[in-house]
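Asks: To be precise about what I am sending: the file is called upload_22.cif and holds mmCIF, C-alpha atoms.
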data_data
#
loop_
_atom_site.label_atom_id
_atom_site.label_comp_id
_atom_site.auth_asym_id
_atom_site.auth_seq_id
_atom_site.Cartn_x
_atom_site.Cartn_y
_atom_site.Cartn_z
CA MET A 110 110.20 72.65 106.34
CA ALA A 111 106.73 73.44 105.03
CA VAL A 112 106.53 74.58 101.44
CA GLY A 113 106.36 78.38 101.24
CA ARG A 114 108.01 78.89 104.63
CA VAL A 115 111.24 80.88 104.72
CA VAL A 116 113.11 81.02 108.00
CA SER A 117 116.69 82.26 108.31
CA ASN A 118 119.27 82.16 111.09
CA GLY A 119 117.28 79.50 112.95
CA HIS A 120 114.71 82.04 114.21
CA GLU A 121 110.98 81.42 114.39
CA PRO A 122 109.01 83.70 112.09
CA LEU A 123 107.51 86.89 113.47
CA LEU A 124 105.07 86.88 110.54
CA GLU A 125 103.57 83.81 108.91
CA VAL A 126 100.92 83.97 106.19
CA ARG A 127 98.91 80.83 105.46
CA ASP A 128 96.70 80.41 102.37
CA LEU A 129 95.66 84.06 102.32
CA VAL A 130 92.74 84.85 99.98
CA LYS A 131 91.04 88.13 99.11
CA HIS A 132 88.11 88.44 96.71
CA PHE A 133 86.32 91.72 96.05
CA PRO A 134 82.65 91.12 95.14
CA LEU A 135 81.46 93.21 92.21
CA LYS A 136 78.31 95.26 92.52
CA ARG A 137 75.72 94.02 90.04
CA GLY A 138 72.34 95.29 88.93
CA MET A 139 69.05 94.23 90.47
CA LEU A 140 68.27 91.73 87.70
CA ALA A 141 71.66 90.02 88.06
CA ASN A 142 71.18 89.79 91.82
CA LEU A 143 67.72 88.28 91.42
CA ALA A 144 69.16 85.73 88.99
CA GLY A 145 71.76 84.75 91.57
CA GLU A 146 74.69 85.88 89.44
CA SER A 147 77.78 86.97 91.32
CA GLU A 148 81.27 87.91 90.26
CA ALA A 149 84.36 88.94 92.16
CA VAL A 150 87.86 90.22 91.56
CA HIS A 151 90.20 87.42 92.66
CA ALA A 152 92.94 89.70 93.95
CA VAL A 153 94.85 87.22 96.16
CA ASN A 154 94.52 83.46 95.75
CA GLY A 155 96.20 81.36 98.41
CA VAL A 156 99.38 83.23 99.30
CA SER A 157 101.70 81.65 101.91
CA PHE A 158 105.07 82.86 103.20
CA SER A 159 106.81 83.73 106.44
CA VAL A 160 109.47 86.16 107.61
CA PRO A 161 111.78 85.73 110.61
CA ARG A 162 112.07 88.47 113.22
CA GLY A 163 114.35 91.13 111.76
CA GLY A 164 114.13 89.58 108.29
CA SER A 165 112.86 91.05 105.02
CA ILE A 166 110.86 89.83 102.05
CA GLY A 167 110.02 91.53 98.77
CA LEU A 168 106.76 90.91 96.90
CA ALA A 169 107.34 91.62 93.22
CA GLY A 170 105.28 91.38 90.06
CA GLU A 171 103.32 93.33 87.46
CA SER A 172 100.67 95.86 88.44
CA GLY A 173 97.48 94.12 89.51
CA CYS A 174 99.19 90.93 90.71
CA GLY A 175 97.88 91.36 94.28
CA LYS A 176 101.02 92.48 96.10
CA SER A 177 99.59 95.74 97.51
CA THR A 178 96.36 93.98 98.52
CA THR A 179 98.46 91.40 100.36
CA ALA A 180 100.36 94.13 102.22
CA LYS A 181 97.15 95.85 103.30
CA MET A 182 95.74 92.58 104.61
CA LEU A 183 98.89 92.10 106.69
CA LEU A 184 97.89 95.24 108.59
CA ARG A 185 94.16 94.48 108.55
CA LEU A 186 93.39 97.45 106.32
CA PHE A 187 91.61 94.88 104.15
CA GLU A 188 89.76 91.96 105.72
CA PRO A 189 90.88 88.60 104.25
CA THR A 190 88.26 86.44 102.57
CA SER A 191 90.00 83.44 104.12
CA GLY A 192 93.38 82.35 105.44
CA GLN A 193 95.53 83.16 108.46
CA ILE A 194 98.02 85.91 109.31
CA ILE A 195 100.06 84.75 112.30
CA PHE A 196 101.93 87.63 113.98
CA ASP A 197 104.13 86.70 116.93
CA GLY A 198 102.12 83.50 117.42
CA GLN A 199 98.66 85.11 117.21
CA ASP A 200 96.22 85.10 114.29
CA ILE A 201 95.50 88.79 113.74
CA VAL A 202 92.49 87.99 111.53
CA THR A 203 90.57 87.26 114.74
CA LEU A 204 91.60 90.46 116.57
CA LYS A 205 89.06 93.13 117.45
CA GLY A 206 88.85 96.31 119.50
CA ALA A 207 91.70 96.94 121.92
CA GLU A 208 93.65 93.88 120.75
CA LEU A 209 93.59 95.08 117.13
CA LYS A 210 94.65 98.58 118.23
CA ALA A 211 97.56 97.09 120.21
CA PHE A 212 98.66 95.13 117.12
CA ARG A 213 98.61 98.27 114.98
CA ARG A 214 101.06 99.93 117.35
CA ARG A 215 103.48 97.09 116.55
CA ALA A 216 102.89 97.12 112.78
CA GLN A 217 102.99 100.09 110.42
CA LEU A 218 102.57 100.84 106.71
CA MET A 219 104.76 103.16 104.66
CA PHE A 220 102.53 104.61 101.94
CA GLN A 221 103.48 104.95 98.29
CA ASN A 222 102.47 108.53 97.52
CA PRO A 223 103.93 111.09 99.97
CA TYR A 224 101.78 113.87 98.51
CA GLU A 225 98.57 112.10 99.52
CA SER A 226 99.77 110.75 102.85
CA PHE A 227 99.25 113.86 104.98
CA SER A 228 96.49 116.32 105.78
CA PRO A 229 97.47 119.67 104.24
CA ARG A 230 96.04 121.38 107.36
CA PHE A 231 98.45 119.61 109.75
CA THR A 232 102.01 120.67 110.43
CA ILE A 233 104.68 118.00 110.22
CA PHE A 234 104.82 117.86 114.02
CA ARG A 235 101.05 117.36 114.28
CA SER A 236 101.10 114.62 111.63
CA LEU A 237 103.81 112.68 113.48
CA ALA A 238 102.38 113.32 116.96
CA GLU A 239 98.89 112.11 115.97
CA PRO A 240 99.74 108.36 116.13
CA LEU A 241 101.32 108.92 119.54
CA LEU A 242 98.15 110.60 120.81
CA ILE A 243 95.97 107.81 119.42
CA HIS A 244 98.09 105.15 121.13
CA GLY A 245 98.13 106.81 124.54
CA VAL A 246 101.39 108.76 124.76
CA LYS A 247 99.95 111.52 126.96
CA SER A 248 103.13 113.36 127.89
CA ALA A 249 103.71 116.37 125.61
CA ASP A 250 107.44 116.23 126.32
CA GLU A 251 107.57 112.54 125.37
CA ARG A 252 105.67 113.18 122.13
CA THR A 253 108.07 116.00 121.24
CA ARG A 254 111.06 113.79 122.00
CA ARG A 255 109.71 110.91 119.89
CA VAL A 256 108.86 113.17 116.93
CA TRP A 257 112.29 114.83 117.13
CA GLN A 258 114.02 111.43 117.26
CA ALA A 259 112.04 110.04 114.31
CA LEU A 260 112.86 113.04 112.10
CA ASN A 261 116.49 112.91 113.14
CA ASP A 262 116.69 109.18 112.38
CA VAL A 263 115.53 109.74 108.79
CA ASN A 264 118.13 112.49 108.29
CA LEU A 265 115.81 115.50 108.44
CA GLN A 266 118.11 117.77 110.42
CA PRO A 267 117.86 119.88 112.40
CA ALA A 268 114.65 118.07 113.25
CA GLU A 269 113.02 120.99 115.07
CA SER A 270 113.19 123.14 111.93
CA PHE A 271 110.56 120.85 110.33
CA PHE A 272 108.07 120.93 113.24
CA GLN A 273 105.98 123.87 112.05
CA LYS A 274 106.29 123.30 108.31
CA PHE A 275 103.37 122.07 106.21
CA PRO A 276 103.57 119.24 103.64
CA HIS A 277 103.48 121.62 100.64
CA GLN A 278 106.65 123.33 101.92
CA LEU A 279 108.75 120.16 101.59
CA SER A 280 110.28 118.52 98.53
CA GLY A 281 109.16 115.05 97.46
CA GLY A 282 112.26 113.45 98.95
CA GLN A 283 111.85 115.28 102.26
CA LEU A 284 108.17 114.38 102.41
CA GLN A 285 108.89 110.70 101.82
CA ARG A 286 111.38 110.82 104.69
CA VAL A 287 108.55 112.20 106.83
CA VAL A 288 106.39 109.25 105.69
CA LEU A 289 109.14 106.94 106.92
CA ALA A 290 109.48 108.92 110.17
CA ARG A 291 105.75 108.62 110.85
CA SER A 292 105.88 104.86 110.32
CA LEU A 293 108.76 104.64 112.83
CA VAL A 294 107.51 107.05 115.50
CA LEU A 295 105.58 104.31 117.34
CA GLU A 296 108.72 102.12 117.34
CA PRO A 297 107.02 99.19 115.54
CA GLU A 298 108.36 95.68 115.11
CA PHE A 299 106.93 95.19 111.62
CA LEU A 300 106.90 97.54 108.62
CA ALA A 301 105.22 97.11 105.24
CA ALA A 302 106.50 99.50 102.58
CA ASP A 303 104.31 99.83 99.48
CA GLU A 304 106.35 101.07 96.49
CA PRO A 305 108.28 103.38 98.86
CA VAL A 306 110.23 105.32 96.23
CA SER A 307 108.19 104.94 93.04
CA MET A 308 106.97 108.57 93.20
CA LEU A 309 110.46 110.04 93.60
CA ASP A 310 113.13 111.21 91.19
CA VAL A 311 115.94 108.75 90.58
CA SER A 312 118.38 111.28 92.05
CA VAL A 313 116.87 111.00 95.55
CA ARG A 314 115.88 107.33 95.63
CA ALA A 315 119.26 106.00 96.73
CA GLY A 316 119.33 108.21 99.80
CA ILE A 317 115.84 107.13 100.89
CA LEU A 318 116.65 103.44 100.35
CA ASN A 319 119.88 103.72 102.33
CA THR A 320 118.01 105.33 105.22
CA MET A 321 115.34 102.61 105.14
CA LYS A 322 117.97 99.89 105.16
CA GLU A 323 119.88 101.50 108.04
CA GLN A 324 116.75 101.96 110.16
CA ALA A 325 115.58 98.39 109.55
CA ALA A 326 118.96 97.08 110.70
CA GLN A 327 119.22 99.36 113.74
CA ARG A 328 115.68 98.64 114.93
CA ASN A 329 115.67 94.92 113.98
CA LEU A 330 112.53 95.59 111.94
CA THR A 331 110.74 92.78 110.18
CA THR A 332 109.94 94.22 106.76
CA VAL A 333 107.79 93.47 103.72
CA TYR A 334 108.59 95.54 100.63
CA ILE A 335 106.13 95.83 97.75
CA SER A 336 107.64 96.76 94.39
CA HIS A 337 107.70 96.02 90.69
CA ASP A 338 111.34 97.20 90.72
CA LEU A 339 113.52 94.10 91.11
CA SER A 340 116.65 96.18 91.64
CA LEU A 341 115.04 97.69 94.75
CA ILE A 342 114.03 94.23 95.98
CA GLN A 343 117.55 92.94 95.35
CA TYR A 344 119.07 95.79 97.40
CA LEU A 345 116.71 95.63 100.38
CA CYS A 346 115.42 92.07 100.75
CA GLU A 347 116.82 88.75 101.89
CA THR A 348 113.91 86.83 100.35
CA THR A 349 111.89 87.46 97.19
CA ALA A 350 108.41 86.27 96.27
CA ILE A 351 107.29 86.66 92.65
CA MET A 352 103.52 87.10 92.32
CA TYR A 353 101.28 86.56 89.32
CA LEU A 354 97.47 86.90 89.35
CA GLY A 355 97.26 86.63 93.11
CA GLN A 356 99.61 83.67 93.55
CA ILE A 357 103.25 83.37 94.55
CA VAL A 358 104.79 81.50 91.61
CA GLU A 359 108.38 81.56 92.89
CA LEU A 360 109.87 82.11 96.33
CA GLY A 361 113.38 81.95 97.71
CA PRO A 362 116.55 83.79 98.70
CA THR A 363 116.80 86.96 96.63
CA ALA A 364 120.18 86.17 95.07
CA GLY A 365 118.90 82.82 93.81
CA VAL A 366 115.62 84.18 92.44
CA ILE A 367 117.34 87.07 90.63
CA ASN A 368 120.42 85.22 89.33
CA GLU A 369 118.88 81.79 88.68
CA PRO A 370 115.13 82.23 88.12
CA GLN A 371 113.14 79.01 87.69
CA HIS A 372 109.56 79.91 86.85
CA PRO A 373 108.98 81.03 83.23
CA TYR A 374 107.29 84.22 84.45
CA THR A 375 110.25 85.07 86.69
CA LYS A 376 112.63 84.41 83.81
CA ALA A 377 110.60 86.77 81.61
CA LEU A 378 110.70 89.50 84.28
CA ILE A 379 114.45 89.15 84.78
CA SER A 380 115.09 89.17 81.03
CA THR A 381 113.53 92.65 80.72
CA ILE A 382 116.01 94.26 83.13
CA PRO A 383 118.50 96.42 81.16
CA ILE A 384 122.14 95.39 81.43
CA PRO A 385 124.69 98.25 81.13
CA GLU A 386 127.07 96.09 79.08
CA PRO A 387 126.57 96.65 75.31
CA GLU A 388 128.72 93.66 74.31
CA ARG A 389 126.94 91.17 76.57
CA LYS A 390 124.34 89.07 74.77
CA LYS A 391 120.95 88.94 76.40
CA THR A 392 118.22 86.34 75.98
CA THR A 393 114.64 87.61 76.15
CA ILE A 394 111.93 85.18 77.23
CA PRO A 395 108.90 85.74 74.97
CA ILE A 396 105.50 85.94 76.64
CA GLU A 397 102.41 86.83 74.63
CA GLY A 398 99.42 89.00 75.40
CA GLY A 399 98.50 90.81 78.57
CA VAL A 400 97.62 89.71 82.08
CA PRO A 401 94.24 87.88 82.06
CA SER A 402 91.28 89.32 83.93
CA ALA A 403 91.27 88.75 87.69
CA ILE A 404 87.48 88.38 87.42
CA ASN A 405 87.59 85.39 85.06
CA LEU A 406 90.80 83.58 85.90
CA PRO A 407 92.17 81.06 83.39
CA SER A 408 91.66 77.41 84.20
CA GLY A 409 94.66 75.52 85.50
CA CYS A 410 97.90 77.46 85.84
CA PRO A 411 97.05 81.18 85.63
CA PHE A 412 100.19 81.81 83.55
CA HIS A 413 99.56 79.14 80.91
CA PRO A 414 97.91 81.47 78.29
CA ARG A 415 101.19 83.44 78.09
CA CYS A 416 103.75 80.71 78.86
CA PRO A 417 106.00 79.55 76.00
CA TYR A 418 106.45 76.16 77.78
CA ALA A 419 102.77 75.43 78.56
CA MET A 420 101.68 71.76 78.43
CA ASP A 421 98.17 70.28 78.29
CA ILE A 422 98.19 69.62 82.04
CA CYS A 423 98.87 73.33 82.64
CA LYS A 424 95.48 74.18 81.12
CA ARG A 425 93.63 71.84 83.47
CA LYS A 426 95.45 71.80 86.80
CA VAL A 427 97.00 74.41 89.08
CA PRO A 428 100.60 73.36 89.76
CA PRO A 429 101.36 72.82 93.46
CA PRO A 430 104.27 74.65 95.13
CA LEU A 431 107.32 72.42 94.70
CA ASP A 432 110.26 72.48 97.10
CA LEU A 433 113.50 72.83 95.12
CA GLY A 434 115.71 72.87 98.21
CA GLN A 435 117.80 75.69 99.70
CA GLY A 436 114.63 77.63 100.54
CA ARG A 437 113.42 77.71 96.91
CA THR A 438 109.86 76.87 95.88
CA VAL A 439 108.21 77.20 92.48
CA ARG A 440 104.72 76.58 91.04
CA CYS A 441 105.41 74.97 87.67
CA PHE A 442 104.89 71.52 86.17
CA LEU A 443 108.28 71.80 84.45
CA TYR A 444 109.84 70.88 87.81
CA GLY A 445 107.53 68.01 88.80
CA GLY A 446 104.07 67.35 90.09
CA LYS A 447 102.72 66.51 86.63
CA ASP A 448 102.29 62.76 87.28
CA GLU A 449 100.56 63.30 90.61
CA ALA A 450 98.21 65.87 89.06
CA GLU A 451 97.29 63.50 86.24
CA LYS A 452 96.69 60.62 88.67
CA SER A 453 94.37 62.74 90.79
CA GLU A 454 92.58 63.84 87.62
CA VAL A 455 91.97 60.21 86.59
CA ALA A 456 90.86 59.27 90.10
CA ALA A 457 88.36 62.10 90.15
#
Would you mind writing the file's structure down as structure tokens?

Replies:
Amino acid sequence: MAVGRVVSNGHEPLLEVRDLVKHFPLKRGMLANLAGESEAVHAVNGVSFSVPRGGSIGLAGESGCGKSTTAKMLLRLFEPTSGQIIFDGQDIVTLKGAELKAFRRRAQLMFQNPYESFSPRFTIFRSLAEPLLIHGVKSADERTRRVWQALNDVNLQPAESFFQKFPHQLSGGQLQRVVLARSLVLEPEFLAADEPVSMLDVSVRAGILNTMKEQAAQRNLTTVYISHDLSLIQYLCETTAIMYLGQIVELGPTAGVINEPQHPYTKALISTIPIPEPERKKTTIPIEGGVPSAINLPSGCPFHPRCPYAMDICKRKVPPPLDLGQGRTVRCFLYGGKDEAEKSEVAA
């Protein structure tokens, strides 16, 4: 099995990401441009993973690690700088026109902020019927049926009572259910959910998450969840990828990543999760400073300025992804690759 590839139940992946890169060039002044100076935000730096049809993966990490940018590239809302996104055997990076539109009917994004996801001038029915109109569902009866079914599936009942309401008339929890309904109304095969409950009160999160999990199972949806909340990832996802400064530093089955983290950054993240057992001793992994700038990335391993286990080789070389077996991979010289990196350094 290729490093970074996660396939369960013997199924071929519906989605496979290969060495995905996204850099955002910075606008500079005229003098800097004449001098040939150029800088860019290195948002995503060689991300690779795959998800089987009907499977789920969670991308987790601190704010600014590149997880939301990755999700938007998966739906071609951002154009990759380089890399491949293979969806059902086809590289969607090359799609244009009608082919790209056909892909977008099969893949949808669930937005983070429900309050900014809808036009305040549209009724709920109009907001949900709009994608159907765009994708050629001409029958008014069919559009009504599909909108009714989507609202019913996300437990907004009776569904018809929401048709003529406007976004400001709904609570945050209800509106986020409408966000989910809109992402399901085209009956997609793939769903990317970007921080789907971060804007909601804790009291309503569980209900939304349960509905998302039920719909994913019933529809055999392939899902990518973006979150900094590891408890959400643990509840929803079969596989977890931990991101840091645009790279996946650890990848594997969720239970293994959460219960037996390997990368120092993953260990530090896990150690910050509160445990509701006062008598249980907890070990905190110390990391110093803040996340380095994505404009001027550190040399070598991007985590080495904060890592309590950093070695000299970490400052010079980027650790390769190492296969630990059982679907686990990690980018860290603590688990090997140091000798090979030093040999290549001498040879160069």

Asks: Let me know the residues the PyMOL selection byres ((chain A and resi 359) around 8) catches in the file above, as a VMD selection string.

Replies: chain A and resid 350 to 352 357 to 358 360 to 361 366 371 to 372 375 437 to 440

Asks: Give me, please, the distance in Å between atom CA of A:Phe412 and atom CA of A:Ser453, quoted to one decimal.

Replies: 21.2 Å

Asks: Using the chain letters and numbers from the file, give me the residues hit by the PyMOL selection byres ((chain A and resi 200-209) around 10), as JSON, numbers by chain.

Replies: {"A": [124, 125, 126, 182, 183, 184, 185, 188, 189, 191, 192, 193, 194, 195, 196, 197, 198, 199, 210, 211, 212, 213, 214]}

Asks: Can you list what the PyMOL selection byres ((chain A and resi 319) around 12) grabs from this structure, as a list of chain:residue names?

Replies: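 Applying the PyMOL selection byres ((chain A and resi 319) around 12) to the structure shown produces A:Asp262, A:Val263, A:Asn264, A:Arg286, A:Val306, A:Val313, A:Arg314, A:Ala315, A:Gly316, A:Ile317, A:Leu318, A:Thr320, A:Met321, A:Lys322, A:Glu323, A:Gln324, A:Ala325, A:Ala326, A:Leu341, A:Tyr344, A:Leu345.
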
Asks: Using only C-alpha atoms, list the residues that have an atom at most 10 Å from (113.8, 93.6, 97.8), coordinates as in the file, as a PyMOL selection string.

Replies: chain A and resi 165-169+332-350+363

Asks: Between A:Leu300, A:Leu295, A:Leu265, A:Val246, which residue has the minimum interatomic distance to A:Phe220, considering all atoms listed in the file?

Replies: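 Selected residue with least distance to A:Phe220: A:Leu300.
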
Asks: I'd like to know which of A:Pro223, A:Gly398, A:Gly409, A:Gly445 is closest to A:Pro305, using only C-alpha atoms.

Replies: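 Nearest candidate to A:Pro305 out of A:Pro223, A:Gly398, A:Gly409, A:Gly445: A:Pro223.
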
Asks: One number please: atom CA of A:Gln283 to atom CA of A:Leu309, in Å, one decimal.

Replies: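 Atom CA of A:Leu309 lies at a distance of 10.2 Å from atom CA of A:Gln283.
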
Asks: So the first atom is atom CA of A:Met219 and the second is atom CA of A:Leu289; what is the distance between them in Å, to one decimal place?

Replies: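 Those two atoms sit 6.2 Å apart.
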
Asks: Can you fill out stretch 345-359 of chain A with N, CA, C and O atoms and hand it back as a PDB file, in the frame of the given file?

Replies:
ATOM      1  N   LEU A 345     117.264  95.544  99.032  1.00  0.00           N
ATOM      2  CA  LEU A 345     116.710  95.630 100.380  1.00  0.00           C
ATOM      3  C   LEU A 345     116.348  94.288 101.013  1.00  0.00           C
ATOM      4  O   LEU A 345     116.287  94.198 102.240  1.00  0.00           O
ATOM      5  N   CYS A 346     116.091  93.259 100.216  1.00  0.00           N
ATOM      6  CA  CYS A 346     115.420  92.070 100.750  1.00  0.00           C
ATOM      7  C   CYS A 346     116.278  90.813 100.742  1.00  0.00           C
ATOM      8  O   CYS A 346     116.990  90.541  99.775  1.00  0.00           O
ATOM      9  N   GLU A 347     116.149  90.044 101.799  1.00  0.00           N
ATOM     10  CA  GLU A 347     116.820  88.750 101.890  1.00  0.00           C
ATOM     11  C   GLU A 347     116.094  87.698 101.063  1.00  0.00           C
ATOM     12  O   GLU A 347     116.707  86.799 100.501  1.00  0.00           O
ATOM     13  N   THR A 348     114.767  87.812 101.023  1.00  0.00           N
ATOM     14  CA  THR A 348     113.910  86.830 100.350  1.00  0.00           C
ATOM     15  C   THR A 348     113.031  87.548  99.339  1.00  0.00           C
ATOM     16  O   THR A 348     112.629  88.693  99.562  1.00  0.00           O
ATOM     17  N   THR A 349     112.747  86.877  98.230  1.00  0.00           N
ATOM     18  CA  THR A 349     111.890  87.460  97.190  1.00  0.00           C
ATOM     19  C   THR A 349     110.777  86.491  96.834  1.00  0.00           C
ATOM     20  O   THR A 349     111.003  85.285  96.665  1.00  0.00           O
ATOM     21  N   ALA A 350     109.563  87.033  96.733  1.00  0.00           N
ATOM     22  CA  ALA A 350     108.410  86.270  96.270  1.00  0.00           C
ATOM     23  C   ALA A 350     107.884  86.931  94.997  1.00  0.00           C
ATOM     24  O   ALA A 350     107.586  88.123  95.002  1.00  0.00           O
ATOM     25  N   ILE A 351     107.806  86.172  93.922  1.00  0.00           N
ATOM     26  CA  ILE A 351     107.290  86.660  92.650  1.00  0.00           C
ATOM     27  C   ILE A 351     105.810  86.300  92.558  1.00  0.00           C
ATOM     28  O   ILE A 351     105.447  85.128  92.663  1.00  0.00           O
ATOM     29  N   MET A 352     104.963  87.326  92.366  1.00  0.00           N
ATOM     30  CA  MET A 352     103.520  87.100  92.320  1.00  0.00           C
ATOM     31  C   MET A 352     102.973  87.276  90.903  1.00  0.00           C
ATOM     32  O   MET A 352     103.449  88.109  90.145  1.00  0.00           O
ATOM     33  N   TYR A 353     101.979  86.455  90.603  1.00  0.00           N
ATOM     34  CA  TYR A 353     101.280  86.560  89.320  1.00  0.00           C
ATOM     35  C   TYR A 353      99.824  86.202  89.546  1.00  0.00           C
ATOM     36  O   TYR A 353      99.513  85.111  90.052  1.00  0.00           O
ATOM     37  N   LEU A 354      98.917  87.111  89.203  1.00  0.00           N
ATOM     38  CA  LEU A 354      97.470  86.900  89.350  1.00  0.00           C
ATOM     39  C   LEU A 354      97.106  86.355  90.725  1.00  0.00           C
ATOM     40  O   LEU A 354      96.352  85.384  90.844  1.00  0.00           O
ATOM     41  N   GLY A 355      97.659  86.972  91.752  1.00  0.00           N
ATOM     42  CA  GLY A 355      97.260  86.630  93.110  1.00  0.00           C
ATOM     43  C   GLY A 355      97.925  85.434  93.718  1.00  0.00           C
ATOM     44  O   GLY A 355      97.588  85.047  94.838  1.00  0.00           O
ATOM     45  N   GLN A 356      98.880  84.819  93.007  1.00  0.00           N
ATOM     46  CA  GLN A 356      99.610  83.670  93.550  1.00  0.00           C
ATOM     47  C   GLN A 356     101.103  83.966  93.594  1.00  0.00           C
ATOM     48  O   GLN A 356     101.616  84.726  92.768  1.00  0.00           O
ATOM     49  N   ILE A 357     101.790  83.355  94.553  1.00  0.00           N
ATOM     50  CA  ILE A 357     103.250  83.370  94.550  1.00  0.00           C
ATOM     51  C   ILE A 357     103.706  82.216  93.663  1.00  0.00           C
ATOM     52  O   ILE A 357     103.469  81.044  93.980  1.00  0.00           O
ATOM     53  N   VAL A 358     104.359  82.547  92.549  1.00  0.00           N
ATOM     54  CA  VAL A 358     104.790  81.500  91.610  1.00  0.00           C
ATOM     55  C   VAL A 358     106.236  81.084  91.858  1.00  0.00           C
ATOM     56  O   VAL A 358     106.644  80.001  91.419  1.00  0.00           O
ATOM     57  N   GLU A 359     107.010  81.927  92.538  1.00  0.00           N
ATOM     58  CA  GLU A 359     108.380  81.560  92.890  1.00  0.00           C
ATOM     59  C   GLU A 359     108.784  82.292  94.163  1.00  0.00           C
ATOM     60  O   GLU A 359     108.468  83.469  94.343  1.00  0.00           O
TER      61      GLU A 359
END
